[in-house]
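K.L.:
Data: final.cif, mmCIF, N, CA and C atoms.
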```cif
data_query
#
loop_
_atom_site.label_atom_id
_atom_site.label_comp_id
_atom_site.auth_asym_id
_atom_site.auth_seq_id
_atom_site.Cartn_x
_atom_site.Cartn_y
_atom_site.Cartn_z
N MET I 1 -137.36 -19.85 -10.53
CA MET I 1 -136.77 -21.17 -10.44
C MET I 1 -136.53 -21.48 -8.97
N ALA I 2 -136.99 -22.62 -8.51
CA ALA I 2 -136.83 -23.02 -7.11
C ALA I 2 -135.39 -23.42 -6.86
N ASP I 3 -135.00 -23.38 -5.56
CA ASP I 3 -133.62 -23.70 -5.20
C ASP I 3 -133.25 -25.14 -5.52
N ASP I 4 -134.23 -26.06 -5.49
CA ASP I 4 -133.91 -27.46 -5.71
C ASP I 4 -133.88 -27.84 -7.19
N GLU I 5 -134.31 -26.93 -8.09
CA GLU I 5 -134.26 -27.22 -9.51
C GLU I 5 -132.85 -26.99 -10.04
N PRO I 6 -132.41 -27.86 -10.93
CA PRO I 6 -131.05 -27.68 -11.48
C PRO I 6 -130.99 -26.42 -12.35
N LYS I 7 -129.87 -25.75 -12.28
CA LYS I 7 -129.66 -24.55 -13.10
C LYS I 7 -129.20 -24.99 -14.49
N PRO I 8 -129.63 -24.27 -15.52
CA PRO I 8 -129.20 -24.65 -16.87
C PRO I 8 -127.68 -24.53 -17.01
N ALA I 9 -127.13 -25.44 -17.75
CA ALA I 9 -125.68 -25.45 -17.97
C ALA I 9 -125.29 -24.28 -18.88
N ILE I 10 -124.14 -23.71 -18.63
CA ILE I 10 -123.61 -22.66 -19.49
C ILE I 10 -122.98 -23.35 -20.69
N THR I 11 -123.39 -22.94 -21.86
CA THR I 11 -122.91 -23.58 -23.07
C THR I 11 -121.82 -22.74 -23.72
N ILE I 12 -121.20 -23.32 -24.70
CA ILE I 12 -120.18 -22.59 -25.47
C ILE I 12 -120.83 -21.40 -26.15
N ALA I 13 -122.08 -21.55 -26.59
CA ALA I 13 -122.78 -20.43 -27.24
C ALA I 13 -122.97 -19.28 -26.24
N ASP I 14 -123.29 -19.60 -24.98
CA ASP I 14 -123.44 -18.56 -23.96
C ASP I 14 -122.12 -17.82 -23.74
N GLU I 15 -121.04 -18.56 -23.66
CA GLU I 15 -119.72 -17.95 -23.47
C GLU I 15 -119.34 -17.09 -24.68
N ALA I 16 -119.64 -17.60 -25.87
CA ALA I 16 -119.33 -16.84 -27.08
C ALA I 16 -120.15 -15.55 -27.13
N LEU I 17 -121.42 -15.63 -26.73
CA LEU I 17 -122.27 -14.44 -26.72
C LEU I 17 -121.76 -13.42 -25.70
N THR I 18 -121.33 -13.89 -24.54
CA THR I 18 -120.77 -12.99 -23.53
C THR I 18 -119.52 -12.30 -24.06
N GLU I 19 -118.65 -13.06 -24.71
CA GLU I 19 -117.43 -12.49 -25.29
C GLU I 19 -117.76 -11.49 -26.40
N LEU I 20 -118.74 -11.83 -27.24
CA LEU I 20 -119.14 -10.94 -28.32
C LEU I 20 -119.70 -9.63 -27.76
N ARG I 21 -120.51 -9.71 -26.72
CA ARG I 21 -121.05 -8.49 -26.08
C ARG I 21 -119.92 -7.62 -25.55
N ALA I 22 -118.92 -8.23 -24.92
CA ALA I 22 -117.79 -7.46 -24.40
C ALA I 22 -117.04 -6.76 -25.53
N GLN I 23 -116.86 -7.47 -26.65
CA GLN I 23 -116.17 -6.87 -27.79
C GLN I 23 -116.97 -5.72 -28.39
N VAL I 24 -118.29 -5.88 -28.48
CA VAL I 24 -119.13 -4.81 -29.01
C VAL I 24 -119.06 -3.59 -28.11
N ARG I 25 -119.12 -3.79 -26.76
CA ARG I 25 -119.01 -2.66 -25.83
C ARG I 25 -117.68 -1.94 -26.03
N SER I 26 -116.62 -2.70 -26.18
CA SER I 26 -115.30 -2.12 -26.38
C SER I 26 -115.24 -1.33 -27.69
N LEU I 27 -115.79 -1.88 -28.76
CA LEU I 27 -115.79 -1.18 -30.04
C LEU I 27 -116.64 0.08 -29.99
N LEU I 28 -117.78 0.03 -29.32
CA LEU I 28 -118.61 1.22 -29.18
C LEU I 28 -117.87 2.30 -28.41
N GLY I 29 -117.10 1.90 -27.42
CA GLY I 29 -116.30 2.85 -26.68
C GLY I 29 -115.27 3.52 -27.57
N LEU I 30 -114.68 2.76 -28.48
CA LEU I 30 -113.72 3.34 -29.42
C LEU I 30 -114.40 4.31 -30.39
N ILE I 31 -115.60 3.96 -30.82
CA ILE I 31 -116.33 4.84 -31.73
C ILE I 31 -116.63 6.16 -31.03
N ASP I 32 -117.07 6.08 -29.79
CA ASP I 32 -117.44 7.29 -29.05
C ASP I 32 -116.25 8.19 -28.79
N THR I 33 -115.05 7.64 -28.64
CA THR I 33 -113.89 8.46 -28.30
C THR I 33 -112.95 8.67 -29.48
N GLY I 34 -113.27 8.11 -30.62
CA GLY I 34 -112.40 8.23 -31.78
C GLY I 34 -112.48 9.57 -32.48
N ARG I 35 -113.53 10.31 -32.23
CA ARG I 35 -113.66 11.63 -32.85
C ARG I 35 -114.16 12.61 -31.81
N LYS I 36 -113.86 13.85 -32.04
CA LYS I 36 -114.31 14.88 -31.10
C LYS I 36 -115.77 15.21 -31.39
N PRO I 37 -116.59 15.28 -30.36
CA PRO I 37 -118.00 15.58 -30.60
C PRO I 37 -118.20 17.06 -30.94
N PRO I 38 -119.19 17.36 -31.76
CA PRO I 38 -119.48 18.77 -32.03
C PRO I 38 -120.16 19.39 -30.81
N PRO I 39 -120.11 20.69 -30.68
CA PRO I 39 -120.81 21.32 -29.55
C PRO I 39 -122.32 21.12 -29.68
N ALA I 40 -122.99 21.15 -28.54
CA ALA I 40 -124.46 21.08 -28.54
C ALA I 40 -125.05 22.36 -29.09
N GLY I 41 -124.30 23.43 -29.00
CA GLY I 41 -124.74 24.72 -29.50
C GLY I 41 -123.70 25.78 -29.20
N VAL I 42 -123.96 26.98 -29.65
CA VAL I 42 -123.03 28.09 -29.46
C VAL I 42 -123.81 29.28 -28.91
N ILE I 43 -123.30 29.85 -27.83
CA ILE I 43 -123.88 31.09 -27.31
C ILE I 43 -123.33 32.21 -28.18
N PRO I 44 -124.20 33.01 -28.79
CA PRO I 44 -123.74 34.00 -29.77
C PRO I 44 -122.86 35.10 -29.17
N PRO I 45 -122.00 35.69 -29.99
CA PRO I 45 -121.18 36.82 -29.53
C PRO I 45 -122.07 37.93 -28.97
N GLY I 46 -121.54 38.61 -27.98
CA GLY I 46 -122.29 39.68 -27.35
C GLY I 46 -123.10 39.22 -26.14
N LYS I 47 -123.31 37.92 -26.04
CA LYS I 47 -124.02 37.36 -24.88
C LYS I 47 -123.00 36.93 -23.83
N ARG I 48 -123.45 36.82 -22.59
CA ARG I 48 -122.56 36.38 -21.50
C ARG I 48 -122.07 34.96 -21.79
N ASN I 49 -120.79 34.72 -21.59
CA ASN I 49 -120.15 33.42 -21.82
C ASN I 49 -120.30 32.94 -23.27
N ALA I 50 -120.16 33.84 -24.22
CA ALA I 50 -120.29 33.49 -25.64
C ALA I 50 -119.27 32.43 -26.02
N GLY I 51 -119.71 31.47 -26.81
CA GLY I 51 -118.82 30.42 -27.29
C GLY I 51 -119.52 29.08 -27.32
N PRO I 52 -118.80 28.05 -27.75
CA PRO I 52 -119.40 26.73 -27.88
C PRO I 52 -119.65 26.08 -26.51
N VAL I 53 -120.72 25.27 -26.46
CA VAL I 53 -121.07 24.54 -25.24
C VAL I 53 -121.32 23.09 -25.62
N TRP I 54 -120.64 22.19 -24.93
CA TRP I 54 -120.87 20.75 -25.08
C TRP I 54 -121.66 20.27 -23.88
N LYS I 55 -122.55 19.33 -24.09
CA LYS I 55 -123.34 18.73 -23.00
C LYS I 55 -123.15 17.22 -23.07
N PRO I 56 -122.02 16.74 -22.51
CA PRO I 56 -121.70 15.32 -22.65
C PRO I 56 -122.62 14.39 -21.86
N LEU I 57 -123.19 14.90 -20.79
CA LEU I 57 -124.09 14.12 -19.92
C LEU I 57 -125.17 15.06 -19.40
N PRO I 58 -126.29 14.50 -18.93
CA PRO I 58 -127.29 15.38 -18.34
C PRO I 58 -126.70 16.22 -17.20
N LYS I 59 -127.00 17.49 -17.21
CA LYS I 59 -126.58 18.47 -16.20
C LYS I 59 -125.09 18.78 -16.22
N TRP I 60 -124.37 18.35 -17.23
CA TRP I 60 -122.95 18.68 -17.40
C TRP I 60 -122.83 19.65 -18.57
N LYS I 61 -121.96 20.64 -18.44
CA LYS I 61 -121.65 21.55 -19.53
C LYS I 61 -120.15 21.77 -19.57
N VAL I 62 -119.61 21.78 -20.76
CA VAL I 62 -118.20 22.07 -20.98
C VAL I 62 -118.17 23.22 -21.98
N ARG I 63 -117.44 24.29 -21.63
CA ARG I 63 -117.43 25.49 -22.47
C ARG I 63 -116.02 25.96 -22.79
N ALA I 64 -115.91 26.60 -23.94
CA ALA I 64 -114.73 27.39 -24.28
C ALA I 64 -115.28 28.78 -24.58
N ILE I 65 -115.10 29.69 -23.64
CA ILE I 65 -115.67 31.03 -23.80
C ILE I 65 -114.82 31.80 -24.80
N ASP I 66 -115.48 32.35 -25.82
CA ASP I 66 -114.76 32.99 -26.93
C ASP I 66 -113.95 34.20 -26.52
N ALA I 67 -114.44 35.00 -25.62
CA ALA I 67 -113.70 36.20 -25.23
C ALA I 67 -113.89 36.41 -23.73
N ASP I 68 -112.78 36.63 -23.05
CA ASP I 68 -112.88 36.96 -21.63
C ASP I 68 -112.11 38.25 -21.39
N CYS I 69 -111.86 38.56 -20.16
CA CYS I 69 -111.22 39.84 -19.86
C CYS I 69 -109.81 39.94 -20.44
N ASP I 70 -109.18 38.81 -20.74
CA ASP I 70 -107.83 38.84 -21.31
C ASP I 70 -107.85 38.73 -22.83
N GLY I 71 -109.05 38.62 -23.43
CA GLY I 71 -109.15 38.63 -24.87
C GLY I 71 -109.23 37.29 -25.55
N GLY I 72 -109.25 36.19 -24.82
CA GLY I 72 -109.36 34.91 -25.50
C GLY I 72 -109.63 33.77 -24.53
N PRO I 73 -110.03 32.62 -25.06
CA PRO I 73 -110.30 31.49 -24.19
C PRO I 73 -109.01 30.84 -23.70
N GLU I 74 -108.65 31.09 -22.48
CA GLU I 74 -107.44 30.50 -21.92
C GLU I 74 -107.75 29.34 -21.01
N CYS I 75 -109.04 29.09 -20.80
CA CYS I 75 -109.47 28.01 -19.91
C CYS I 75 -110.64 27.26 -20.53
N VAL I 76 -110.84 26.08 -20.03
CA VAL I 76 -112.04 25.31 -20.32
C VAL I 76 -112.88 25.38 -19.06
N TYR I 77 -114.15 25.62 -19.22
CA TYR I 77 -115.05 25.81 -18.09
C TYR I 77 -116.00 24.61 -18.01
N VAL I 78 -116.10 24.02 -16.82
CA VAL I 78 -116.90 22.81 -16.64
C VAL I 78 -117.94 23.05 -15.55
N THR I 79 -119.19 22.72 -15.85
CA THR I 79 -120.27 22.76 -14.87
C THR I 79 -120.75 21.33 -14.69
N THR I 80 -120.84 20.88 -13.44
CA THR I 80 -121.27 19.52 -13.14
C THR I 80 -122.59 19.56 -12.35
N PRO I 81 -123.25 18.43 -12.21
CA PRO I 81 -124.47 18.39 -11.40
C PRO I 81 -124.21 18.70 -9.93
N TYR I 82 -122.96 18.69 -9.52
CA TYR I 82 -122.61 18.90 -8.11
C TYR I 82 -122.27 20.35 -7.80
N ASP I 83 -122.23 21.19 -8.82
CA ASP I 83 -121.94 22.61 -8.62
C ASP I 83 -123.23 23.34 -8.21
N TRP I 84 -123.06 24.45 -7.52
CA TRP I 84 -124.20 25.31 -7.23
C TRP I 84 -124.69 25.89 -8.54
N GLU I 85 -125.95 26.26 -8.60
CA GLU I 85 -126.54 26.84 -9.81
C GLU I 85 -125.69 28.01 -10.30
N GLY I 86 -125.29 27.99 -11.54
CA GLY I 86 -124.50 29.06 -12.12
C GLY I 86 -123.01 28.99 -11.82
N ASP I 87 -122.59 28.03 -11.01
CA ASP I 87 -121.19 27.89 -10.66
C ASP I 87 -120.48 27.04 -11.72
N TYR I 88 -119.18 27.11 -11.78
CA TYR I 88 -118.40 26.31 -12.71
C TYR I 88 -116.97 26.21 -12.20
N SER I 89 -116.23 25.28 -12.77
CA SER I 89 -114.80 25.16 -12.50
C SER I 89 -114.07 25.51 -13.78
N SER I 90 -112.96 26.18 -13.63
CA SER I 90 -112.17 26.49 -14.82
C SER I 90 -110.85 25.73 -14.73
N LEU I 91 -110.42 25.24 -15.87
CA LEU I 91 -109.16 24.52 -15.98
C LEU I 91 -108.34 25.14 -17.10
N PRO I 92 -107.06 25.42 -16.85
CA PRO I 92 -106.21 25.83 -17.97
C PRO I 92 -106.25 24.74 -19.05
N ILE I 93 -106.07 25.12 -20.28
CA ILE I 93 -106.24 24.21 -21.40
C ILE I 93 -105.39 22.94 -21.25
N ASP I 94 -104.13 23.07 -20.85
CA ASP I 94 -103.29 21.88 -20.72
C ASP I 94 -103.79 20.95 -19.62
N GLU I 95 -104.32 21.50 -18.54
CA GLU I 95 -104.87 20.67 -17.47
C GLU I 95 -106.17 19.99 -17.92
N ALA I 96 -106.98 20.69 -18.69
CA ALA I 96 -108.23 20.10 -19.21
C ALA I 96 -107.91 18.92 -20.14
N ARG I 97 -106.89 19.08 -20.98
CA ARG I 97 -106.48 17.97 -21.87
C ARG I 97 -105.96 16.78 -21.05
N ALA I 98 -105.17 17.05 -20.03
CA ALA I 98 -104.65 15.97 -19.18
C ALA I 98 -105.79 15.24 -18.48
N LEU I 99 -106.78 15.99 -17.99
CA LEU I 99 -107.94 15.38 -17.34
C LEU I 99 -108.71 14.50 -18.33
N ALA I 100 -108.96 15.02 -19.54
CA ALA I 100 -109.69 14.26 -20.55
C ALA I 100 -108.96 12.96 -20.90
N MET I 101 -107.66 13.02 -21.08
CA MET I 101 -106.89 11.82 -21.42
C MET I 101 -106.88 10.83 -20.26
N SER I 102 -106.82 11.33 -19.03
CA SER I 102 -106.86 10.44 -17.87
C SER I 102 -108.20 9.73 -17.75
N ILE I 103 -109.28 10.45 -18.06
CA ILE I 103 -110.60 9.82 -18.03
C ILE I 103 -110.69 8.73 -19.09
N LEU I 104 -110.17 9.00 -20.30
CA LEU I 104 -110.17 7.97 -21.35
C LEU I 104 -109.35 6.74 -20.91
N ALA I 105 -108.18 6.97 -20.32
CA ALA I 105 -107.34 5.86 -19.86
C ALA I 105 -108.05 5.06 -18.77
N ALA I 106 -108.72 5.76 -17.84
CA ALA I 106 -109.44 5.07 -16.78
C ALA I 106 -110.60 4.24 -17.35
N CYS I 107 -111.28 4.76 -18.38
CA CYS I 107 -112.34 3.99 -19.03
C CYS I 107 -111.80 2.72 -19.66
N ASP I 108 -110.66 2.83 -20.36
CA ASP I 108 -110.04 1.65 -20.95
C ASP I 108 -109.70 0.61 -19.89
N TRP I 109 -109.12 1.06 -18.78
CA TRP I 109 -108.72 0.16 -17.69
C TRP I 109 -109.96 -0.49 -17.09
N ALA I 110 -111.02 0.31 -16.87
CA ALA I 110 -112.25 -0.22 -16.27
C ALA I 110 -112.91 -1.25 -17.16
N GLU I 111 -112.85 -1.06 -18.49
CA GLU I 111 -113.45 -2.02 -19.42
C GLU I 111 -112.63 -3.29 -19.56
N SER I 112 -111.32 -3.15 -19.60
CA SER I 112 -110.46 -4.27 -19.95
C SER I 112 -109.67 -4.85 -18.79
N GLY I 113 -109.67 -4.20 -17.66
CA GLY I 113 -108.85 -4.66 -16.54
C GLY I 113 -107.46 -4.07 -16.63
N PRO I 114 -106.65 -4.35 -15.62
CA PRO I 114 -105.30 -3.78 -15.60
C PRO I 114 -104.46 -4.25 -16.79
N PRO I 115 -103.70 -3.35 -17.39
CA PRO I 115 -102.81 -3.75 -18.48
C PRO I 115 -101.63 -4.56 -17.93
N GLU I 116 -100.92 -5.22 -18.82
CA GLU I 116 -99.77 -6.05 -18.44
C GLU I 116 -98.76 -5.29 -17.58
N GLN I 117 -98.51 -4.03 -17.91
CA GLN I 117 -97.49 -3.24 -17.23
C GLN I 117 -97.98 -2.64 -15.92
N ALA I 118 -99.18 -2.97 -15.46
CA ALA I 118 -99.75 -2.35 -14.25
C ALA I 118 -98.86 -2.53 -13.02
N ARG I 119 -98.18 -3.65 -12.93
CA ARG I 119 -97.36 -3.88 -11.73
C ARG I 119 -96.16 -2.94 -11.66
N ARG I 120 -95.84 -2.28 -12.77
CA ARG I 120 -94.71 -1.34 -12.78
C ARG I 120 -95.08 0.04 -12.26
N TYR I 121 -96.38 0.33 -12.11
CA TYR I 121 -96.79 1.65 -11.63
C TYR I 121 -96.51 1.78 -10.15
N PRO I 122 -96.14 2.97 -9.70
CA PRO I 122 -95.84 3.15 -8.27
C PRO I 122 -97.11 3.03 -7.42
N ALA I 123 -96.94 2.51 -6.22
CA ALA I 123 -98.06 2.44 -5.28
C ALA I 123 -98.32 3.84 -4.74
N LEU I 124 -99.60 4.15 -4.54
CA LEU I 124 -99.96 5.46 -4.00
C LEU I 124 -100.04 5.40 -2.49
N ASP I 125 -99.70 6.52 -1.85
CA ASP I 125 -99.82 6.56 -0.40
C ASP I 125 -101.26 6.85 0.00
N GLU I 126 -101.54 6.82 1.28
CA GLU I 126 -102.90 6.97 1.80
C GLU I 126 -103.57 8.26 1.33
N ASP I 127 -102.83 9.38 1.28
CA ASP I 127 -103.42 10.65 0.86
C ASP I 127 -103.89 10.60 -0.58
N ASP I 128 -103.13 9.98 -1.47
CA ASP I 128 -103.52 9.90 -2.88
C ASP I 128 -104.73 8.99 -3.07
N ARG I 129 -104.84 7.96 -2.28
CA ARG I 129 -105.96 7.03 -2.43
C ARG I 129 -107.27 7.64 -1.96
N ARG I 130 -107.23 8.56 -1.03
CA ARG I 130 -108.47 9.11 -0.49
C ARG I 130 -108.78 10.50 -0.98
N SER I 131 -107.91 11.14 -1.71
CA SER I 131 -108.16 12.53 -2.11
C SER I 131 -109.18 12.58 -3.24
N GLY I 132 -109.85 13.70 -3.33
CA GLY I 132 -110.84 13.91 -4.38
C GLY I 132 -112.13 13.19 -4.10
N ARG I 133 -112.98 13.16 -5.09
CA ARG I 133 -114.23 12.44 -4.95
C ARG I 133 -114.59 11.82 -6.28
N THR I 134 -115.33 10.76 -6.23
CA THR I 134 -115.73 10.06 -7.43
C THR I 134 -116.96 10.77 -7.98
N PHE I 135 -116.76 11.62 -9.00
CA PHE I 135 -117.89 12.37 -9.50
C PHE I 135 -118.37 11.89 -10.86
N ILE I 136 -117.58 11.11 -11.55
CA ILE I 136 -117.97 10.69 -12.89
C ILE I 136 -119.18 9.76 -12.83
N CYS I 137 -119.20 8.85 -11.86
CA CYS I 137 -120.34 7.92 -11.80
C CYS I 137 -121.43 8.44 -10.87
N GLY I 138 -121.26 9.60 -10.30
CA GLY I 138 -122.32 10.21 -9.51
C GLY I 138 -122.39 9.77 -8.07
N ARG I 139 -121.40 9.03 -7.60
CA ARG I 139 -121.40 8.60 -6.22
C ARG I 139 -120.22 9.21 -5.49
N PRO I 140 -120.46 9.96 -4.41
CA PRO I 140 -119.33 10.55 -3.67
C PRO I 140 -118.51 9.49 -2.96
#
```
Just give me the structure as structure tokens.
P.N.:
Amino acid sequence: MADDEPKPAITIADEALTELRAQVRSLLGLIDTGRKPPPAGVIPPGKRNAGPVWKPLPKWKVRAIDADCDGGPECVYVTTPYDWEGDYSSLPIDEARALAMSILAACDWAESGPPEQARRYPALDEDDRRSGRTFICGRP
């Protein structure tokens, strides 16, 4: 379309379709997080790192190792595309749950915008705003 040609007017149908798409995206997000996914597979007992393995995204692995040196899975083990080959991060179970819930809350905020009560949250200082790295979307 050339610059001098008039652009088509946005109709009520276009606005309704945009709103419907947003609602469908939101509902699909609820479906995806409403139930716990089954593991992609299980490493059998007797093998290194035996236990269930989830693969939520390409090159990501989340594990609960069935038996370790202390006799049980006390941590959740996460491998990301940014780790060295064979490397992983371990999180105590309560920290892994807090991380998972924070990611769900951030997804809700990103989809819907700030909630009404957002102005009541404390402002973060410079160190909190710059710490860590954005690894979920793959951009440092």
K.L.:
Please identify all polymer residues within 9 Å of stretch 96-98 of chain I, counting only C-alpha atoms, omitting same-chain residues fewer than 5 positions from it, and present them as JSON, numbers by chain.
P.N.:
{"I": [75, 76, 77, 90, 91, 103]}
K.L.:
Please, what distance in Å, to one decimal, runs between atom N of I:Pro122 and atom CA of I:Ala22?
P.N.:
28.2 Å
K.L.:
What is the atom CA of I:Asp87-atom CA of I:Arg48 distance in Å, reported with one decimal?
P.N.:
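The value is 13.8 Å.
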K.L.:
For atom CA of I:Asp83 and atom CA of I:Trp60, quote the distance in Å rounded to one decimal.
P.N.:
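Rounded to one decimal, the two atoms are 9.7 Å apart.
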K.L.:
Tell me which of I:Pro37, I:Leu124, I:Ala50, I:Pro114 sits closest to I:Ala64, counting all atoms listed in the file.
P.N.:
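Result for the nearest residue to I:Ala64: I:Ala50.
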K.L.:
Using all atoms of stretch 94-98 of chain I listed in the file and a margin of 3 Å per side, can you give the axis-aligned box centre and edge lengths in Å to one decimal, as lines of an AutoDock Vina configuration file?
P.N.:
```
center_x = -105.8
center_y = 19.2
center_z = -19.7
size_x = 10.9
size_y = 13.8
size_z = 10.4
```
K.L.:
I:Val53, I:Ala105, I:Ile65, I:Ala40: which is nearest I:Ile93, counting only C-alpha atoms?
P.N.:
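Of all the options, I:Ile65 lies closest to I:Ile93.
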K.L.:
I'd like the neighbourhood of I:Leu57 as a PyMOL selection string, where a residue qualifies if any of its atoms comes within 10 Å (using only C-alpha atoms), though same-chain residues fewer than 2 positions away should be ignored.
P.N.:
chain I and resi 54-55+59-62+80-81+136
K.L.:
Within stretch 14-115 of chain I, find each residue whose DSSP state, derived from the backbone, is alpha helix (DSSP H), and express the selection as a PyMOL selection string.
P.N.:
chain I and resi 14-33+93-112
K.L.:
Would you mind telling me which residue in I:Met101, I:Pro58, I:Glu19, I:Arg63 lies nearest to I:Ser89 when using only C-alpha atoms?
P.N.:
I:Arg63
